[in-house]
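This is input.pdb. It holds PDB, C-alpha atoms.
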ATOM      1  CA  MET A 746      82.780 183.872  90.732
ATOM      2  CA  SER A 747      85.288 182.921  93.432
ATOM      3  CA  ALA A 748      87.184 179.614  93.537
ATOM      4  CA  ILE A 749      85.087 178.534  96.530
ATOM      5  CA  ASP A 750      81.898 179.234  94.563
ATOM      6  CA  ARG A 751      83.191 177.153  91.651
ATOM      7  CA  VAL A 752      83.999 174.216  93.937
ATOM      8  CA  ASN A 753      80.586 174.580  95.577
ATOM      9  CA  GLY A 754      78.942 174.561  92.158
ATOM     10  CA  LEU A 755      80.925 171.474  91.184
ATOM     11  CA  MET A 756      79.653 169.654  94.262
ATOM     12  CA  ASP A 757      76.103 170.842  93.609
ATOM     13  CA  THR A 758      76.301 169.391  90.114
ATOM     14  CA  LEU A 759      78.233 166.175  90.713
ATOM     15  CA  GLY A 760      77.931 165.578  94.443
ATOM     16  CA  ALA A 761      80.820 163.836  96.208
ATOM     17  CA  PRO A 762      82.648 163.084  92.918
ATOM     18  CA  GLY A 763      82.798 166.860  92.390
ATOM     19  CA  ALA A 764      84.743 167.196  95.643
ATOM     20  CA  GLY A 765      87.092 164.442  94.447
ATOM     21  CA  ILE A 766      87.696 166.223  91.138
ATOM     22  CA  ALA A 767      88.424 169.487  92.957
ATOM     23  CA  ILE A 768      90.991 167.724  95.177
ATOM     24  CA  ALA A 769      92.651 166.037  92.171
ATOM     25  CA  LEU A 770      92.969 169.388  90.392
ATOM     26  CA  GLU A 771      94.322 171.008  93.571
ATOM     27  CA  ASN A 772      97.288 168.625  93.403
ATOM     28  CA  LEU A 773      98.165 169.697  89.864
ATOM     29  CA  PHE A 774      97.530 173.452  89.781
ATOM     30  CA  PRO A 775      96.026 174.522  93.090
ATOM     31  CA  PRO A 776      93.444 177.250  92.448
ATOM     32  CA  ILE A 777      92.251 176.658  96.001
ATOM     33  CA  PRO A 778      93.938 174.558  98.715
ATOM     34  CA  SER A 779      92.521 171.295  99.972
ATOM     35  CA  GLU A 780      92.383 172.891 103.432
ATOM     36  CA  ALA A 781      89.416 174.873 102.105
ATOM     37  CA  ILE A 782      87.847 172.243  99.839
ATOM     38  CA  LEU A 783      87.741 169.480 102.462
ATOM     39  CA  PRO A 784      85.915 171.311 105.275
ATOM     40  CA  LEU A 785      83.540 172.786 102.689
ATOM     41  CA  ALA A 786      82.760 169.243 101.531
ATOM     42  CA  GLY A 787      82.278 168.217 105.158
ATOM     43  CA  PHE A 788      79.837 171.089 105.649
ATOM     44  CA  ALA A 789      77.976 170.067 102.484
ATOM     45  CA  ALA A 790      77.674 166.531 103.875
ATOM     46  CA  SER A 791      76.330 167.881 107.171
ATOM     47  CA  THR A 792      73.464 169.541 105.278
ATOM     48  CA  GLY A 793      72.515 166.258 103.600
ATOM     49  CA  ARG A 794      73.642 167.333 100.127
ATOM     50  CA  MET A 795      75.866 164.260  99.921
ATOM     51  CA  SER A 796      76.956 161.256 101.954
ATOM     52  CA  LEU A 797      79.793 161.761 104.432
ATOM     53  CA  VAL A 798      81.272 158.361 103.556
ATOM     54  CA  ALA A 799      81.103 159.208  99.846
ATOM     55  CA  VAL A 800      82.892 162.500 100.484
ATOM     56  CA  LEU A 801      85.709 160.720 102.354
ATOM     57  CA  LEU A 802      86.092 158.102  99.629
ATOM     58  CA  TRP A 803      85.960 160.500  96.694
ATOM     59  CA  THR A 804      88.295 163.123  98.167
ATOM     60  CA  THR A 805      90.851 160.441  99.006
ATOM     61  CA  ALA A 806      90.536 159.052  95.485
ATOM     62  CA  GLY A 807      91.059 162.575  94.123
ATOM     63  CA  SER A 808      94.205 162.975  96.231
ATOM     64  CA  VAL A 809      95.616 159.702  94.956
ATOM     65  CA  ILE A 810      94.829 160.488  91.308
ATOM     66  CA  GLY A 811      96.458 163.927  91.555
ATOM     67  CA  ALA A 812      99.526 162.479  93.282
ATOM     68  CA  LEU A 813      99.767 159.716  90.666
ATOM     69  CA  ALA A 814      99.798 162.315  87.875
ATOM     70  CA  LEU A 815     102.729 164.122  89.513
ATOM     71  CA  TYR A 816     104.476 160.793  90.087
ATOM     72  CA  GLY A 817     104.132 160.267  86.331
ATOM     73  CA  VAL A 818     105.788 163.640  85.689
ATOM     74  CA  GLY A 819     108.740 162.615  87.855
ATOM     75  CA  ALA A 820     108.977 159.206  86.187
ATOM     76  CA  PHE A 821     108.891 160.850  82.739
ATOM     77  CA  LEU A 822     111.670 163.272  83.645
ATOM     78  CA  GLY A 823     113.796 160.527  85.196
ATOM     79  CA  ARG A 824     117.026 160.988  87.102
ATOM     80  CA  ASP A 825     119.183 162.116  84.156
ATOM     81  CA  ARG A 826     116.811 164.839  82.984
ATOM     82  CA  THR A 827     116.239 166.040  86.547
ATOM     83  CA  VAL A 828     119.972 166.263  87.257
ATOM     84  CA  ALA A 829     120.567 168.042  83.939
ATOM     85  CA  LEU A 830     117.827 170.590  84.669
ATOM     86  CA  ALA A 831     118.951 171.149  88.245
ATOM     87  CA  ALA A 832     122.589 171.544  87.211
ATOM     88  CA  ARG A 833     121.599 174.567  85.117
ATOM     89  CA  LEU A 834     120.157 176.345  88.132
ATOM     90  CA  PRO A 835     122.397 178.888  89.844
ATOM     91  CA  LEU A 836     123.950 177.794  93.145
ATOM     92  CA  VAL A 837     122.835 174.194  92.660
ATOM     93  CA  LYS A 838     125.458 171.486  92.275
ATOM     94  CA  VAL A 839     125.086 167.937  91.058
ATOM     95  CA  SER A 840     126.434 166.831  94.441
ATOM     96  CA  ASP A 841     123.422 168.511  96.066
ATOM     97  CA  ILE A 842     121.114 166.485  93.848
ATOM     98  CA  GLU A 843     122.989 163.299  94.679
ATOM     99  CA  ARG A 844     122.720 163.970  98.419
ATOM    100  CA  THR A 845     119.000 164.657  98.038
ATOM    101  CA  GLU A 846     118.646 161.450  96.046
ATOM    102  CA  ALA A 847     120.463 159.464  98.739
ATOM    103  CA  TRP A 848     118.252 161.033 101.425
ATOM    104  CA  PHE A 849     115.103 160.145  99.492
ATOM    105  CA  LEU A 850     116.253 156.578  98.983
ATOM    106  CA  ARG A 851     116.676 156.258 102.759
ATOM    107  CA  HIS A 852     113.609 158.191 103.899
ATOM    108  CA  GLY A 853     111.346 158.266 100.846
ATOM    109  CA  THR A 854     108.570 156.185 102.387
ATOM    110  CA  LYS A 855     108.316 158.541 105.374
ATOM    111  CA  ALA A 856     108.473 161.574 103.091
ATOM    112  CA  VAL A 857     105.584 160.334 100.936
ATOM    113  CA  PHE A 858     103.423 159.367 103.922
ATOM    114  CA  PHE A 859     103.983 162.394 106.163
ATOM    115  CA  GLY A 860     104.398 164.745 103.204
ATOM    116  CA  ARG A 861     100.710 164.275 102.442
ATOM    117  CA  MET A 862     100.028 166.259 105.628
ATOM    118  CA  ILE A 863     102.266 169.246 104.863
ATOM    119  CA  PRO A 864     100.884 172.112 102.749
ATOM    120  CA  VAL A 865     102.682 172.726  99.426
ATOM    121  CA  PHE A 866     105.015 169.730  99.905
ATOM    122  CA  ARG A 867     101.956 167.486  99.880
ATOM    123  CA  SER A 868     101.902 167.706  96.087
ATOM    124  CA  LEU A 869     105.605 168.212  95.385
ATOM    125  CA  VAL A 870     106.754 165.057  97.176
ATOM    126  CA  SER A 871     105.162 162.937  94.445
ATOM    127  CA  VAL A 872     107.672 164.191  91.855
ATOM    128  CA  PRO A 873     110.883 162.839  93.472
ATOM    129  CA  ALA A 874     109.003 159.614  94.192
ATOM    130  CA  GLY A 875     108.468 159.300  90.444
ATOM    131  CA  VAL A 876     112.033 160.322  89.617
ATOM    132  CA  GLU A 877     113.384 157.623  91.934
ATOM    133  CA  ARG A 878     110.818 155.145  90.592
ATOM    134  CA  MET A 879     109.505 154.251  94.035
ATOM    135  CA  PRO A 880     107.581 150.980  93.543
ATOM    136  CA  LEU A 881     104.094 152.007  92.478
ATOM    137  CA  PRO A 882     102.229 149.763  94.973
ATOM    138  CA  VAL A 883     104.283 151.291  97.809
ATOM    139  CA  PHE A 884     103.684 154.837  96.557
ATOM    140  CA  LEU A 885      99.951 154.259  96.154
ATOM    141  CA  THR A 886      99.608 152.646  99.586
ATOM    142  CA  LEU A 887     101.487 155.424 101.399
ATOM    143  CA  THR A 888      99.697 158.143  99.459
ATOM    144  CA  THR A 889      96.291 156.599 100.133
ATOM    145  CA  LEU A 890      96.940 156.213 103.863
ATOM    146  CA  GLY A 891      98.430 159.687 104.313
ATOM    147  CA  SER A 892      95.717 161.322 102.215
ATOM    148  CA  ALA A 893      92.955 159.436 104.006
ATOM    149  CA  LEU A 894      94.174 160.685 107.395
ATOM    150  CA  TRP A 895      94.546 164.293 106.214
ATOM    151  CA  ASN A 896      91.252 164.353 104.325
ATOM    152  CA  THR A 897      89.270 162.664 107.087
ATOM    153  CA  ALA A 898      90.471 165.172 109.692
ATOM    154  CA  PHE A 899      89.391 168.159 107.602
ATOM    155  CA  VAL A 900      86.152 166.712 106.284
ATOM    156  CA  LEU A 901      85.052 165.727 109.789
ATOM    157  CA  ALA A 902      86.053 169.150 111.129
ATOM    158  CA  GLY A 903      83.900 170.833 108.488
ATOM    159  CA  HIS A 904      81.082 168.409 109.189
ATOM    160  CA  ALA A 905      81.216 169.162 112.924
ATOM    161  CA  LEU A 906      81.505 172.951 112.545
ATOM    162  CA  GLY A 907      78.735 173.209 109.967
ATOM    163  CA  ALA A 908      78.244 176.781 108.788
ATOM    164  CA  ASN A 909      81.390 177.769 110.708
ATOM    165  CA  TRP A 910      83.584 175.492 108.549
ATOM    166  CA  THR A 911      85.781 178.440 107.529
ATOM    167  CA  GLN A 912      87.324 178.362 111.018
ATOM    168  CA  VAL A 913      89.262 175.279 109.875
ATOM    169  CA  THR A 914      90.696 177.177 106.924
ATOM    170  CA  ASP A 915      91.757 180.071 109.138
ATOM    171  CA  VAL A 916      93.708 177.779 111.475
ATOM    172  CA  VAL A 917      95.420 175.848 108.677
ATOM    173  CA  SER A 918      96.218 179.078 106.833
ATOM    174  CA  ALA A 919      98.363 180.095 109.800
ATOM    175  CA  TYR A 920      99.992 176.640 109.801
ATOM    176  CA  SER A 921     100.701 176.935 106.064
ATOM    177  CA  LYS A 922     102.356 180.320 106.537
ATOM    178  CA  VAL A 923     104.668 178.853 109.185
ATOM    179  CA  VAL A 924     105.611 175.976 106.853
ATOM    180  CA  LEU A 925     106.307 178.366 103.975
ATOM    181  CA  ALA A 926     108.335 180.667 106.244
ATOM    182  CA  VAL A 927     110.508 177.757 107.391
ATOM    183  CA  ALA A 928     110.998 176.654 103.771
ATOM    184  CA  ALA A 929     111.938 180.217 102.768
ATOM    185  CA  LEU A 930     114.459 180.479 105.604
ATOM    186  CA  ALA A 931     115.987 177.157 104.587
ATOM    187  CA  ALA A 932     116.292 178.388 100.991
ATOM    188  CA  VAL A 933     117.915 181.635 102.127
ATOM    189  CA  ALA A 934     120.349 179.707 104.336
ATOM    190  CA  PHE A 935     121.231 177.410 101.431
ATOM    191  CA  ILE A 936     121.908 180.365  99.117
ATOM    192  CA  ALA A 937     123.940 182.185 101.787
ATOM    193  CA  VAL A 938     126.153 179.139 102.383
ATOM    194  CA  ARG A 939     126.677 178.705  98.653
ATOM    195  CA  LEU A 940     127.656 182.369  98.192
ATOM    196  CA  LEU A 941     130.043 182.267 101.162
ATOM    197  CA  ARG A 942     131.725 179.160  99.802
ATOM    198  CA  ARG A 943     132.130 180.783  96.409
ATOM    199  CA  GLY A 944     133.722 183.864  97.895
ATOM    200  CA  ARG A 945     136.039 182.006 100.272
ATOM    201  CA  PRO A 946     139.689 182.013  99.075
ATOM    202  CA  SER A 947     141.265 178.682  98.311
ATOM    203  CA  PRO A 948     144.501 177.645 100.108
ATOM    204  CA  THR A 949     146.475 179.051  97.149
ATOM    205  CA  GLY A 950     144.895 182.451  97.608
ATOM    206  CA  VAL A 951     142.661 182.134  94.558
ATOM    207  CA  SER A 952     138.900 182.272  94.898
ATOM    208  CA  GLY A 953     137.157 178.936  94.684
ATOM    209  CA  PRO A 954     135.430 177.878  91.452
ATOM    210  CA  SER A 955     132.040 179.340  90.710
TER     211      SER A 955
END
When written as structure tokens, how does the structure in this file appear?
Amino acid sequence: MSAIDRVNGLMDTLGAPGAGIAIALENLFPPIPSEAILPLAGFAASTGRMSLVAVLLWTTAGSVIGALALYGVGAFLGRDRTVALAARLPLVKVSDIERTEAWFLRHGTKAVFFGRMIPVFRSLVSVPAGVERMPLPVFLTLTTLGSALWNTAFVLAGHALGANWTQVTDVVSAYSKVVLAVAALAAVAFIAVRLLRRGRPSPTGVSGPS
């Protein structure tokens, strides 16, 4: 049985709450992306299997619950554990973590809100929010608003397309690949800069510290 079939079965059994559960699980260990679950739920609503309003409410609730769980992971790790873990990674310096921390403190609210609309990062952004202990009411408000916009767009698209709901997934799949490609290029650039700095001689003619 495919992941889509399992989600479909969950909605057949539980209705709109099943769609919410699928979205919550997608945040934690995505067996199937929300870009597929949401239009499928919209299609199900168009057939009368469940209420469209209920689908929108439950999927948004699922997004918030999943994000809250990842926020809890970040809060449990805390800054000291996160820095200690990151410092053990090759090519990562504590100063990099500190710069990232400073950036998040300045732009964290935007990152949480708009991050809910970016594949992959949609889930990951909750972790630094927890690490930095973003005030929970702020985190929940931003997550709810961002998730509601994202979910509504995809549920309504699936509802409008009906049996052709998979067209939504095809379009977003291309978008996701672009996002991942940009992230991969950024990672490669980061590693390249780090390696070049390591190999660059110091003013005394000795290679810089590793």
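Atom pair CA of Met795 (chain A) / CA of Thr886 (chain A) has a distance of 26.4 Å (rounded to one decimal).
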Which residue is closest to Ala761 (chain A)? Choose from A:Val900, A:Leu830, A:Leu773, A:Arg851 and count all atoms listed in the file. A:Val900
Work out how far CA of Ser871 (chain A) is from CA of Val857 (chain A), in Å to one decimal. 7.0 Å
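Of the listed residues A:Ala856, A:Ala767, A:Ile863, A:Leu887, the one whose atoms come nearest to Thr804 (chain A) is A:Ala767, with distances taken using only C-alpha atoms.
Once Val798 (chain A) and its same-chain neighbours fewer than 3 positions away are set aside, Ala761, Pro762, Ala786, Gly787, Ala790, Ser791, Gly793, Met795, Leu801, Leu802, Trp803, Thr804, Thr805, Ala893, Asn896, Thr897, Val900, Leu901 and His904 of chain A remain within 12 Å of it when counting all atoms listed in the file.
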Taking the file above as input, evaluate the PyMOL selection byres ((chain A and resi 819-826) around 9) and report the hits as a PDB file with C-alpha atoms, in the coordinates of the input.
ATOM      1  CA  ALA A 814      99.798 162.315  87.875  1.00  0.00           C
ATOM      2  CA  LEU A 815     102.729 164.122  89.513  1.00  0.00           C
ATOM      3  CA  TYR A 816     104.476 160.793  90.087  1.00  0.00           C
ATOM      4  CA  GLY A 817     104.132 160.267  86.331  1.00  0.00           C
ATOM      5  CA  VAL A 818     105.788 163.640  85.689  1.00  0.00           C
ATOM      6  CA  THR A 827     116.239 166.040  86.547  1.00  0.00           C
ATOM      7  CA  VAL A 828     119.972 166.263  87.257  1.00  0.00           C
ATOM      8  CA  ALA A 829     120.567 168.042  83.939  1.00  0.00           C
ATOM      9  CA  LEU A 830     117.827 170.590  84.669  1.00  0.00           C
ATOM     10  CA  ALA A 831     118.951 171.149  88.245  1.00  0.00           C
ATOM     11  CA  SER A 871     105.162 162.937  94.445  1.00  0.00           C
ATOM     12  CA  VAL A 872     107.672 164.191  91.855  1.00  0.00           C
ATOM     13  CA  PRO A 873     110.883 162.839  93.472  1.00  0.00           C
ATOM     14  CA  ALA A 874     109.003 159.614  94.192  1.00  0.00           C
ATOM     15  CA  GLY A 875     108.468 159.300  90.444  1.00  0.00           C
ATOM     16  CA  VAL A 876     112.033 160.322  89.617  1.00  0.00           C
ATOM     17  CA  GLU A 877     113.384 157.623  91.934  1.00  0.00           C
ATOM     18  CA  ARG A 878     110.818 155.145  90.592  1.00  0.00           C
TER      19      ARG A 878
END
I need the residue set behind the PyMOL selection byres ((chain A and resi 892) around 8) for this file; please write it as a ChimeraX atom specification. /A:805,808-809,861-862,888-891,893-896
So the first atom is CA of Ala748 (chain A) and the second is CA of Gly760 (chain A); what is the distance between them in Å, to one decimal place? 16.8 Å
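Considering the residues A:Thr792, A:Glu780, A:Gly907, A:Val800 and counting all atoms listed in the file, Gly763 (chain A) has its shortest atom-to-atom contact with A:Val800.
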